file my_file_1.tsv (TSV, C-alpha atoms (C1' of nucleotides) and all ligand atoms)
chain	number	residue	atom	x	y	z
C	1	MET	CA	-216.81	-210.72	-86.44
C	2	LYS	CA	-214.22	-208.81	-84.42
C	3	SER	CA	-215.49	-207.14	-81.28
C	4	ALA	CA	-213.71	-204.12	-79.86
C	5	ARG	CA	-212.56	-204.17	-76.25
C	6	ASN	CA	-212.41	-201.34	-73.76
C	7	THR	CA	-208.87	-201.04	-72.50
C	8	THR	CA	-207.40	-198.42	-70.21
C	9	ALA	CA	-205.21	-197.08	-73.00
C	10	LYS	CA	-208.14	-196.63	-75.34
C	11	THR	CA	-210.34	-195.05	-72.68
C	12	GLU	CA	-207.65	-192.62	-71.58
C	13	ILE	CA	-206.76	-191.54	-75.11
C	14	GLN	CA	-210.38	-191.16	-76.10
C	15	GLU	CA	-211.15	-189.00	-73.07
C	16	LEU	CA	-208.00	-186.96	-73.59
C	17	ILE	CA	-208.98	-186.07	-77.14
C	18	ALA	CA	-212.64	-185.56	-76.27
C	19	SER	CA	-211.86	-183.13	-73.47
C	20	SER	CA	-209.32	-181.13	-75.45
C	21	SER	CA	-210.33	-177.90	-77.15
C	22	VAL	CA	-207.52	-178.27	-79.65
C	23	ALA	CA	-206.28	-181.12	-81.81
C	24	LEU	CA	-203.53	-183.26	-80.30
C	25	SER	CA	-200.48	-184.88	-81.87
C	26	HIS	CA	-199.17	-188.34	-81.08
C	27	SER	CA	-196.28	-186.91	-79.07
C	28	GLU	CA	-198.56	-184.60	-77.11
C	29	ILE	CA	-200.77	-187.56	-76.25
C	30	GLN	CA	-197.75	-189.57	-75.24
C	31	LYS	CA	-196.59	-186.85	-72.87
C	32	SER	CA	-200.03	-186.58	-71.27
C	33	LEU	CA	-200.26	-190.32	-70.70
C	34	GLU	CA	-196.94	-190.34	-68.83
C	35	GLY	CA	-195.91	-193.87	-69.70
C	36	LEU	CA	-199.34	-195.43	-69.34
C	37	CYS	CA	-198.69	-197.45	-72.47
C	38	ASP	CA	-196.24	-197.97	-75.28
C	39	ARG	CA	-195.70	-195.58	-78.20
C	40	VAL	CA	-196.93	-198.21	-80.61
C	41	THR	CA	-200.10	-198.77	-78.63
C	42	ILE	CA	-200.99	-195.09	-79.00
C	43	TYR	CA	-200.65	-195.39	-82.76
C	44	ARG	CA	-202.84	-198.46	-82.80
C	45	VAL	CA	-205.47	-196.97	-80.51
C	46	LEU	CA	-205.64	-193.84	-82.66
C	47	GLU	CA	-206.07	-196.03	-85.72
C	48	ARG	CA	-208.97	-197.80	-84.04
C	49	LEU	CA	-210.60	-194.56	-82.88
C	50	LEU	CA	-210.38	-193.30	-86.46
C	51	GLU	CA	-212.05	-196.41	-87.82
C	52	GLU	CA	-214.75	-196.29	-85.18
C	53	GLY	CA	-215.48	-192.67	-86.09
C	54	PHE	CA	-214.69	-191.09	-82.74
C	55	ILE	CA	-211.85	-188.92	-83.98
C	56	HIS	CA	-210.54	-187.44	-87.20
C	57	LYS	CA	-207.04	-186.87	-88.44
C	58	ILE	CA	-205.59	-183.51	-89.45
C	59	VAL	CA	-202.38	-183.05	-91.39
C	60	ASN	CA	-201.22	-179.57	-90.54
C	61	VAL	CA	-199.46	-177.24	-92.99
C	62	ASP	CA	-196.18	-177.95	-91.21
C	63	GLY	CA	-196.70	-181.68	-91.69
C	64	VAL	CA	-197.55	-182.40	-88.07
C	65	VAL	CA	-200.37	-184.92	-87.73
C	66	LYS	CA	-203.02	-184.10	-85.15
C	67	TYR	CA	-206.18	-185.77	-83.92
C	68	ALA	CA	-209.46	-184.18	-82.90
C	69	GLY	CA	-212.81	-185.49	-81.72
C	70	CYS	CA	-215.67	-185.83	-84.17
C	71	HIS	CA	-218.77	-183.84	-83.44
C	72	SER	CA	-221.21	-183.95	-86.31
C	73	CYS	CA	-220.30	-187.24	-87.93
C	74	SER	CA	-222.10	-190.44	-87.04
C	75	ALA	CA	-221.58	-193.40	-89.34
C	76	LYS	CA	-219.39	-191.89	-92.03
C	77	HIS	CA	-216.87	-189.17	-91.47
C	78	SER	CA	-217.88	-185.90	-93.08
C	79	HIS	CA	-215.36	-183.19	-92.41
C	80	ASN	CA	-215.97	-180.27	-94.66
C	81	HIS	CA	-214.93	-177.76	-92.04
C	82	ILE	CA	-211.84	-175.58	-91.86
C	83	HIS	CA	-208.95	-176.03	-89.45
C	84	PHE	CA	-207.05	-173.13	-88.01
C	85	SER	CA	-203.38	-173.49	-87.18
C	86	CYS	CA	-201.87	-170.80	-84.95
C	87	GLN	CA	-198.30	-169.95	-85.86
C	88	LYS	CA	-197.58	-168.64	-82.39
C	89	CYS	CA	-199.05	-171.13	-79.92
C	90	LYS	CA	-199.05	-173.98	-82.45
C	91	SER	CA	-202.62	-174.90	-81.61
C	92	VAL	CA	-204.80	-176.53	-84.24
C	93	THR	CA	-208.52	-175.90	-83.85
C	94	CYS	CA	-211.55	-177.26	-85.67
C	95	LEU	CA	-213.80	-174.51	-86.95
C	96	ASP	CA	-216.76	-176.83	-87.27
C	97	ASP	CA	-219.12	-174.16	-88.51
C	98	VAL	CA	-216.93	-172.76	-91.26
C	99	GLU	CA	-217.57	-174.44	-94.61
C	100	PRO	CA	-215.74	-173.05	-97.63
C	101	SER	CA	-217.23	-172.82	-101.11
C	102	PHE	CA	-215.46	-173.08	-104.45
C	103	LYS	CA	-216.02	-173.82	-108.13
C	104	LEU	CA	-214.11	-176.82	-109.39
C	105	PRO	CA	-213.34	-177.52	-113.08
C	106	LYS	CA	-215.28	-180.39	-114.65
C	107	ASN	CA	-214.29	-184.02	-114.35
C	108	TYR	CA	-212.80	-183.71	-110.90
C	109	LYS	CA	-214.55	-185.97	-108.43
C	110	VAL	CA	-214.11	-184.91	-104.81
C	111	SER	CA	-214.42	-187.38	-101.97
C	112	GLU	CA	-212.49	-185.63	-99.23
C	113	MET	CA	-211.26	-182.18	-98.31
C	114	ASN	CA	-208.59	-180.80	-96.05
C	115	PHE	CA	-208.63	-177.07	-95.51
C	116	THR	CA	-206.23	-175.42	-93.13
C	117	LEU	CA	-205.61	-171.76	-92.47
C	118	SER	CA	-202.54	-170.50	-90.63
C	119	GLY	CA	-202.07	-167.27	-88.77
C	120	LEU	CA	-202.90	-166.00	-85.30
C	121	CYS	CA	-205.67	-167.43	-83.17
C	122	PRO	CA	-207.93	-165.18	-81.01
C	123	GLN	CA	-205.76	-165.81	-77.93
C	124	CYS	CA	-202.56	-164.85	-79.72
C	125	SER	CA	-203.68	-161.90	-81.82
M	1	MET	CA	-174.39	-160.21	-98.77
M	2	LYS	CA	-174.71	-163.79	-99.92
M	3	SER	CA	-174.93	-164.31	-103.65
M	4	ALA	CA	-176.58	-167.44	-104.99
M	5	ARG	CA	-174.65	-169.68	-107.36
M	6	ASN	CA	-175.86	-171.69	-110.30
M	7	THR	CA	-174.98	-175.29	-109.78
M	8	THR	CA	-175.93	-178.28	-111.89
M	9	ALA	CA	-178.03	-179.72	-109.08
M	10	LYS	CA	-180.03	-176.54	-108.67
M	11	THR	CA	-180.53	-176.05	-112.40
M	12	GLU	CA	-181.66	-179.63	-112.94
M	13	ILE	CA	-184.10	-179.62	-110.03
M	14	GLN	CA	-185.51	-176.25	-111.00
M	15	GLU	CA	-186.11	-177.37	-114.60
M	16	LEU	CA	-187.55	-180.66	-113.43
M	17	ILE	CA	-190.16	-178.93	-111.31
M	18	ALA	CA	-190.84	-176.21	-113.87
M	19	SER	CA	-191.51	-178.70	-116.65
M	20	SER	CA	-193.73	-180.96	-114.56
M	21	SER	CA	-197.50	-180.66	-114.77
M	22	VAL	CA	-197.85	-182.13	-111.30
M	23	ALA	CA	-196.18	-181.47	-107.97
M	24	LEU	CA	-193.14	-183.62	-107.20
M	25	SER	CA	-191.96	-185.16	-103.96
M	26	HIS	CA	-188.36	-185.35	-102.77
M	27	SER	CA	-188.16	-189.05	-103.59
M	28	GLU	CA	-189.64	-188.53	-107.05
M	29	ILE	CA	-187.05	-185.85	-107.73
M	30	GLN	CA	-184.31	-188.11	-106.47
M	31	LYS	CA	-185.38	-190.89	-108.85
M	32	SER	CA	-185.44	-188.52	-111.81
M	33	LEU	CA	-181.98	-187.19	-111.07
M	34	GLU	CA	-180.51	-190.71	-111.06
M	35	GLY	CA	-177.70	-190.06	-108.64
M	36	LEU	CA	-176.77	-186.63	-109.96
M	37	CYS	CA	-176.35	-185.45	-106.39
M	38	ASP	CA	-176.81	-186.45	-102.78
M	39	ARG	CA	-180.15	-186.80	-100.98
M	40	VAL	CA	-179.23	-183.96	-98.65
M	41	THR	CA	-178.35	-181.66	-101.52
M	42	ILE	CA	-181.84	-182.08	-102.93
M	43	TYR	CA	-183.31	-180.98	-99.59
M	44	ARG	CA	-181.04	-177.97	-99.51
M	45	VAL	CA	-181.70	-176.98	-103.11
M	46	LEU	CA	-185.45	-177.23	-102.51
M	47	GLU	CA	-185.06	-175.02	-99.47
M	48	ARG	CA	-183.22	-172.44	-101.56
M	49	LEU	CA	-185.77	-172.55	-104.37
M	50	LEU	CA	-188.51	-171.97	-101.81
M	51	GLU	CA	-186.74	-168.95	-100.37
M	52	GLU	CA	-186.07	-167.54	-103.81
M	53	GLY	CA	-189.75	-167.87	-104.67
M	54	PHE	CA	-189.42	-170.28	-107.59
M	55	ILE	CA	-191.40	-173.09	-106.04
M	56	HIS	CA	-193.97	-173.68	-103.32
M	57	LYS	CA	-194.43	-176.53	-100.90
M	58	ILE	CA	-197.56	-178.63	-100.58
M	59	VAL	CA	-198.29	-180.95	-97.66
M	60	ASN	CA	-200.71	-183.49	-99.02
M	61	VAL	CA	-203.55	-185.02	-97.00
M	62	ASP	CA	-201.54	-188.25	-96.76
M	63	GLY	CA	-198.63	-186.30	-95.30
M	64	VAL	CA	-196.46	-186.52	-98.42
M	65	VAL	CA	-194.63	-183.27	-99.11
M	66	LYS	CA	-194.61	-182.14	-102.72
M	67	TYR	CA	-193.15	-179.18	-104.58
M	68	ALA	CA	-194.59	-177.24	-107.50
M	69	GLY	CA	-193.48	-174.25	-109.54
M	70	CYS	CA	-194.84	-170.82	-108.74
M	71	HIS	CA	-196.77	-169.11	-111.49
M	72	SER	CA	-198.44	-165.98	-110.24
M	73	CYS	CA	-196.22	-165.04	-107.32
M	74	SER	CA	-193.34	-162.63	-107.76
M	75	ALA	CA	-191.71	-161.25	-104.61
M	76	LYS	CA	-193.94	-162.76	-101.94
M	77	HIS	CA	-195.57	-166.11	-102.21
M	78	SER	CA	-199.33	-165.88	-102.53
M	79	HIS	CA	-200.95	-169.25	-102.83
M	80	ASN	CA	-204.63	-169.00	-102.30
M	81	HIS	CA	-205.41	-171.70	-104.81
M	82	ILE	CA	-206.67	-175.23	-104.28
M	83	HIS	CA	-204.63	-178.38	-104.75
M	84	PHE	CA	-206.13	-181.58	-106.04
M	85	SER	CA	-204.78	-184.92	-104.90
M	86	CYS	CA	-205.81	-187.97	-106.94
M	87	GLN	CA	-206.35	-191.06	-104.83
M	88	LYS	CA	-205.75	-193.36	-107.79
M	89	CYS	CA	-202.68	-192.01	-109.64
M	90	LYS	CA	-201.39	-190.13	-106.58
M	91	SER	CA	-200.83	-186.97	-108.59
M	92	VAL	CA	-201.04	-183.59	-106.91
M	93	THR	CA	-202.07	-180.73	-109.16
M	94	CYS	CA	-202.26	-176.98	-108.60
M	95	LEU	CA	-205.65	-175.59	-109.56
M	96	ASP	CA	-204.30	-172.07	-109.88
M	97	ASP	CA	-207.62	-170.58	-110.89
M	98	VAL	CA	-209.73	-172.04	-108.11
M	99	GLU	CA	-209.95	-169.75	-105.10
M	100	PRO	CA	-212.25	-170.78	-102.27
M	101	SER	CA	-214.32	-168.39	-100.21
M	102	PHE	CA	-215.35	-168.68	-96.57
M	103	LYS	CA	-216.51	-166.67	-93.57
M	104	LEU	CA	-214.19	-166.79	-90.61
M	105	PRO	CA	-215.12	-165.93	-87.00
M	106	LYS	CA	-213.73	-162.68	-85.66
M	107	ASN	CA	-210.25	-162.33	-84.19
M	108	TYR	CA	-208.66	-164.91	-86.42
M	109	LYS	CA	-205.84	-163.42	-88.48
M	110	VAL	CA	-205.02	-165.44	-91.58
M	111	SER	CA	-201.62	-165.25	-93.19
M	112	GLU	CA	-201.52	-168.51	-95.13
M	113	MET	CA	-203.86	-171.11	-96.50
M	114	ASN	CA	-203.51	-174.71	-97.55
M	115	PHE	CA	-206.50	-176.22	-99.29
M	116	THR	CA	-206.38	-179.72	-100.69
M	117	LEU	CA	-209.15	-181.80	-102.20
M	118	SER	CA	-208.84	-185.53	-102.71
M	119	GLY	CA	-210.70	-187.75	-105.13
M	120	LEU	CA	-210.32	-188.70	-108.77
M	121	CYS	CA	-208.56	-186.50	-111.31
M	122	PRO	CA	-209.92	-186.11	-114.88
M	123	GLN	CA	-207.56	-188.80	-116.17
M	124	CYS	CA	-208.64	-191.32	-113.56
M	125	SER	CA	-212.38	-190.69	-113.37
X	1	DT	C1'	-213.02	-220.24	-63.71
X	2	DA	C1'	-211.77	-221.58	-68.37
X	3	DT	C1'	-211.75	-220.26	-73.22
X	4	DT	C1'	-211.17	-217.21	-76.92
X	5	DT	C1'	-208.94	-213.68	-79.31
X	6	DA	C1'	-208.32	-208.61	-79.18
X	7	DA	C1'	-204.87	-205.65	-77.52
X	8	DT	C1'	-200.27	-204.75	-75.81
X	9	DG	C1'	-195.07	-204.47	-75.28
X	10	DC	C1'	-190.87	-204.89	-77.29
X	11	DA	C1'	-187.52	-205.04	-80.73
X	12	DA	C1'	-186.41	-204.20	-85.20
X	13	DC	C1'	-187.06	-201.73	-89.18
X	14	DA	C1'	-188.22	-197.98	-92.85
X	15	DA	C1'	-188.97	-193.29	-94.42
X	16	DT	C1'	-188.14	-188.61	-94.02
X	17	DG	C1'	-185.70	-184.80	-92.66
X	18	DT	C1'	-181.67	-182.29	-90.09
X	19	DT	C1'	-176.87	-180.99	-88.73
X	20	DG	C1'	-171.64	-180.54	-88.57
X	21	DC	C1'	-167.68	-180.45	-91.02
X	22	DA	C1'	-164.23	-181.13	-94.49
X	23	DA	C1'	-163.86	-181.12	-99.53
X	24	DA	C1'	-165.38	-179.35	-103.95
X	25	DA	C1'	-166.95	-176.00	-107.09
X	26	DG	C1'	-168.78	-171.35	-108.64
X	27	DT	C1'	-167.63	-166.30	-109.08
X	28	DA	C1'	-165.05	-162.39	-109.57
X	29	DA	C1'	-160.70	-160.08	-109.23
X	30	DT	C1'	-155.85	-160.33	-110.48
K	1	DA	C1'	-155.19	-168.89	-116.33
K	2	DT	C1'	-154.47	-168.34	-111.55
K	3	DT	C1'	-155.88	-166.83	-107.11
K	4	DA	C1'	-158.88	-165.82	-103.36
K	5	DC	C1'	-163.26	-165.98	-101.42
K	6	DT	C1'	-167.52	-168.05	-100.26
K	7	DT	C1'	-171.25	-170.94	-101.53
K	8	DT	C1'	-172.54	-175.49	-102.22
K	9	DT	C1'	-171.83	-180.32	-101.82
K	10	DG	C1'	-171.02	-185.15	-99.92
K	11	DC	C1'	-170.83	-187.96	-96.20
K	12	DA	C1'	-171.72	-189.64	-91.78
K	13	DA	C1'	-174.36	-189.38	-87.93
K	14	DC	C1'	-178.47	-188.39	-85.85
K	15	DA	C1'	-183.66	-187.34	-84.74
K	16	DT	C1'	-188.50	-188.06	-85.48
K	17	DT	C1'	-192.34	-190.41	-87.04
K	18	DG	C1'	-194.60	-194.37	-88.25
K	19	DT	C1'	-194.87	-199.63	-89.30
K	20	DT	C1'	-194.48	-204.74	-88.64
K	21	DG	C1'	-193.84	-209.47	-86.47
K	22	DC	C1'	-194.34	-212.10	-82.60
K	23	DA	C1'	-194.76	-213.66	-78.02
K	24	DT	C1'	-197.38	-212.23	-73.90
K	25	DT	C1'	-201.23	-210.06	-71.51
K	26	DA	C1'	-205.74	-209.18	-70.56
K	27	DA	C1'	-210.78	-208.21	-71.95
K	28	DA	C1'	-215.24	-210.43	-72.77
K	29	DT	C1'	-218.19	-214.27	-72.75
K	30	DA	C1'	-219.78	-218.68	-71.57
N	201	MN	MN	-211.62	-180.93	-87.53
N	202	MN	MN	-199.93	-174.93	-105.85
N	203	ZN	ZN	-202.41	-169.13	-80.82
N	204	ZN	ZN	-205.44	-189.50	-111.14
call {"tool": "encode", "arguments": {"input": "my_file_1.tsv", "output": "structure tokens", "more": "lines below"}}
Ligand SMILES: [Mn+2]
Ligand SMILES: [Mn+2]
Ligand SMILES: [Zn+2]
Ligand SMILES: [Zn+2]
result
Amino acid sequence: MKSARNTTAKTEIQELIASSSVALSHSEIQKSLEGLCDRVTIYRVLERLLEEGFIHKIVNVDGVVKYAGCHSCSAKHSHNHIHFSCQKCKSVTCLDDVEPSFKLPKNYKVSEMNFTLSGLCPQCS
Amino acid sequence: MKSARNTTAKTEIQELIASSSVALSHSEIQKSLEGLCDRVTIYRVLERLLEEGFIHKIVNVDGVVKYAGCHSCSAKHSHNHIHFSCQKCKSVTCLDDVEPSFKLPKNYKVSEMNFTLSGLCPQCS
DNA sequence: TATTTAATGCAACAATGTTGCAAAAGTAAT
DNA sequence: ATTACTTTTGCAACATTGTTGCATTAAATA
């Protein structure tokens, strides 16, 4: 039985993501932390926060990986919402209320979805 | 006025992607070509094929970039179809006929979409 | 305070993608 | 076929992102 520990790195990163209105990348987090901890530690903390269900991971259309806080998921992650990626300000936002619908051919079994729209966000349009 | 040239590398890569039922990654293409050309050349050929509208790029949920032939787009790319990523056989397939619908908040201007579902493909389920 | 072990820092590595530049190859005119 | 022009290629060098092993540090609990 492994028990998680509250470290400054974990606390800082968790609060950073929780208080951000947009999803953050590893490098953005690193800049914000200003040398508080090592690069590798950030990766490992993010991994832990993912496992613990505090954050979720978003692979943007340009390949950039971002992290955002979880709102409506408790035990299991359930992210069937759309993400919006602004081509101008590069922000990635969770549109928690927007759930897409579609009709899939038979014999496909879905367990996860990743929907991202690109364009201009309200601030940039 | 720059005029494109038909090279063996370009022809081979184009045919490889066109004849594949699933999307291919750079490394998969490189393996198939068996040293026909340099790593960098493959990147540059893919870039050209994208610009010329022969293929489209897919960033999978696991971050792996794949390329697939374009079917219904002529001048401009228009990819509003869903991609399916099999967690078992790792194949990425274009579901050209499946178009999702959703209701976006005001003031968001969409110019591109990237929808990927993960789970088990018909062969693996 | 002492013990336990999770978490960190550091170095080293791997994968993926980019850039500059000289050499090679495709295209069209001669 | 040869020439001239320009695209394309190969190679080396580099950047970014992410991973792993291992010794050290530091939480949590007794
Ligand atoms: Mn989200
Ligand atoms: Mn497709
Ligand atoms: Zn914006
Ligand atoms: Zn499969």
call {"tool": "atom_distance", "arguments": {"input": "my_file_1.tsv", "atom1": "atom CA of C:Gln123", "atom2": "atom CA of C:Ser91"}}
result
10.3 Å
call {"tool": "residues_near_ligand", "arguments": {"input": "my_file_1.tsv", "ligand": "ligand MN 201 (chain N)", "cutoff": "7 Å", "atoms": "only C-alpha atoms (C1' of nucleotides) and all ligand atoms", "output": "PyMOL selection string"}}
result
chain C and resi 56+58+68+79+81-83+93-96
call {"tool": "residues_near_ligand", "arguments": {"input": "my_file_1.tsv", "ligand": "ligand MN 202 (chain N)", "cutoff": "12 Å", "atoms": "only C-alpha atoms (C1' of nucleotides) and all ligand atoms", "output": "count of residues only"}}
result
42
call {"tool": "atom_distance", "arguments": {"input": "my_file_1.tsv", "atom1": "atom CA of C:Lys10", "atom2": "atom CA of C:His26"}}
result
13.5 Å
call {"tool": "closest_atom_pairs", "arguments": {"input": "my_file_1.tsv", "of": "chain C", "to": "chain X", "cutoff": "7 Å", "atoms": "all atoms listed in the file", "output": "JSON lines"}}
result
{"residue": "C:Arg5", "atom": "CA", "partner": "X:DA6", "partner_atom": "C1'", "distance": 6.8}
{"residue": "C:Asp38", "atom": "CA", "partner": "X:DG9", "partner_atom": "C1'", "distance": 6.6}
{"residue": "C:Thr41", "atom": "CA", "partner": "X:DT8", "partner_atom": "C1'", "distance": 6.6}
call {"tool": "residues_near_ligand", "arguments": {"input": "my_file_1.tsv", "ligand": "ligand ZN 204 (chain N)", "cutoff": "6 Å", "atoms": "only C-alpha atoms (C1' of nucleotides) and all ligand atoms", "output": "list of chain:residue names"}}
result
M:Cys86, M:Lys88, M:Cys89, M:Ser91, M:Leu120, M:Cys121, M:Gln123, M:Cys124
call {"tool": "interface_residues", "arguments": {"input": "my_file_1.tsv", "of": "chain K", "to": "chain M", "cutoff": "10 Å", "atoms": "all atoms listed in the file", "output": "PyMOL selection string"}}
result
chain K and resi 6-11
call {"tool": "atom_distance", "arguments": {"input": "my_file_1.tsv", "atom1": "atom CA of M:Leu117", "atom2": "atom CA of C:Pro105"}}
result
12.4 Å
call {"tool": "axis_aligned_box", "arguments": {"input": "my_file_1.tsv", "around": "stretch 110-116 of chain M", "padding_each_side": "5 Å", "output": "JSON"}}
result
{"center_x": -204.0, "center_y": -172.5, "center_z": -96.1, "size_x": 15.0, "size_y": 24.5, "size_z": 19.1}
call {"tool": "closest_residue", "arguments": {"input": "my_file_1.tsv", "among": "C:Glu47, C:Lys109, C:Gln87, C:Glu12", "to": "ligand ZN 203 (chain N)", "atoms": "all atoms listed in the file"}}
result
C:Gln87
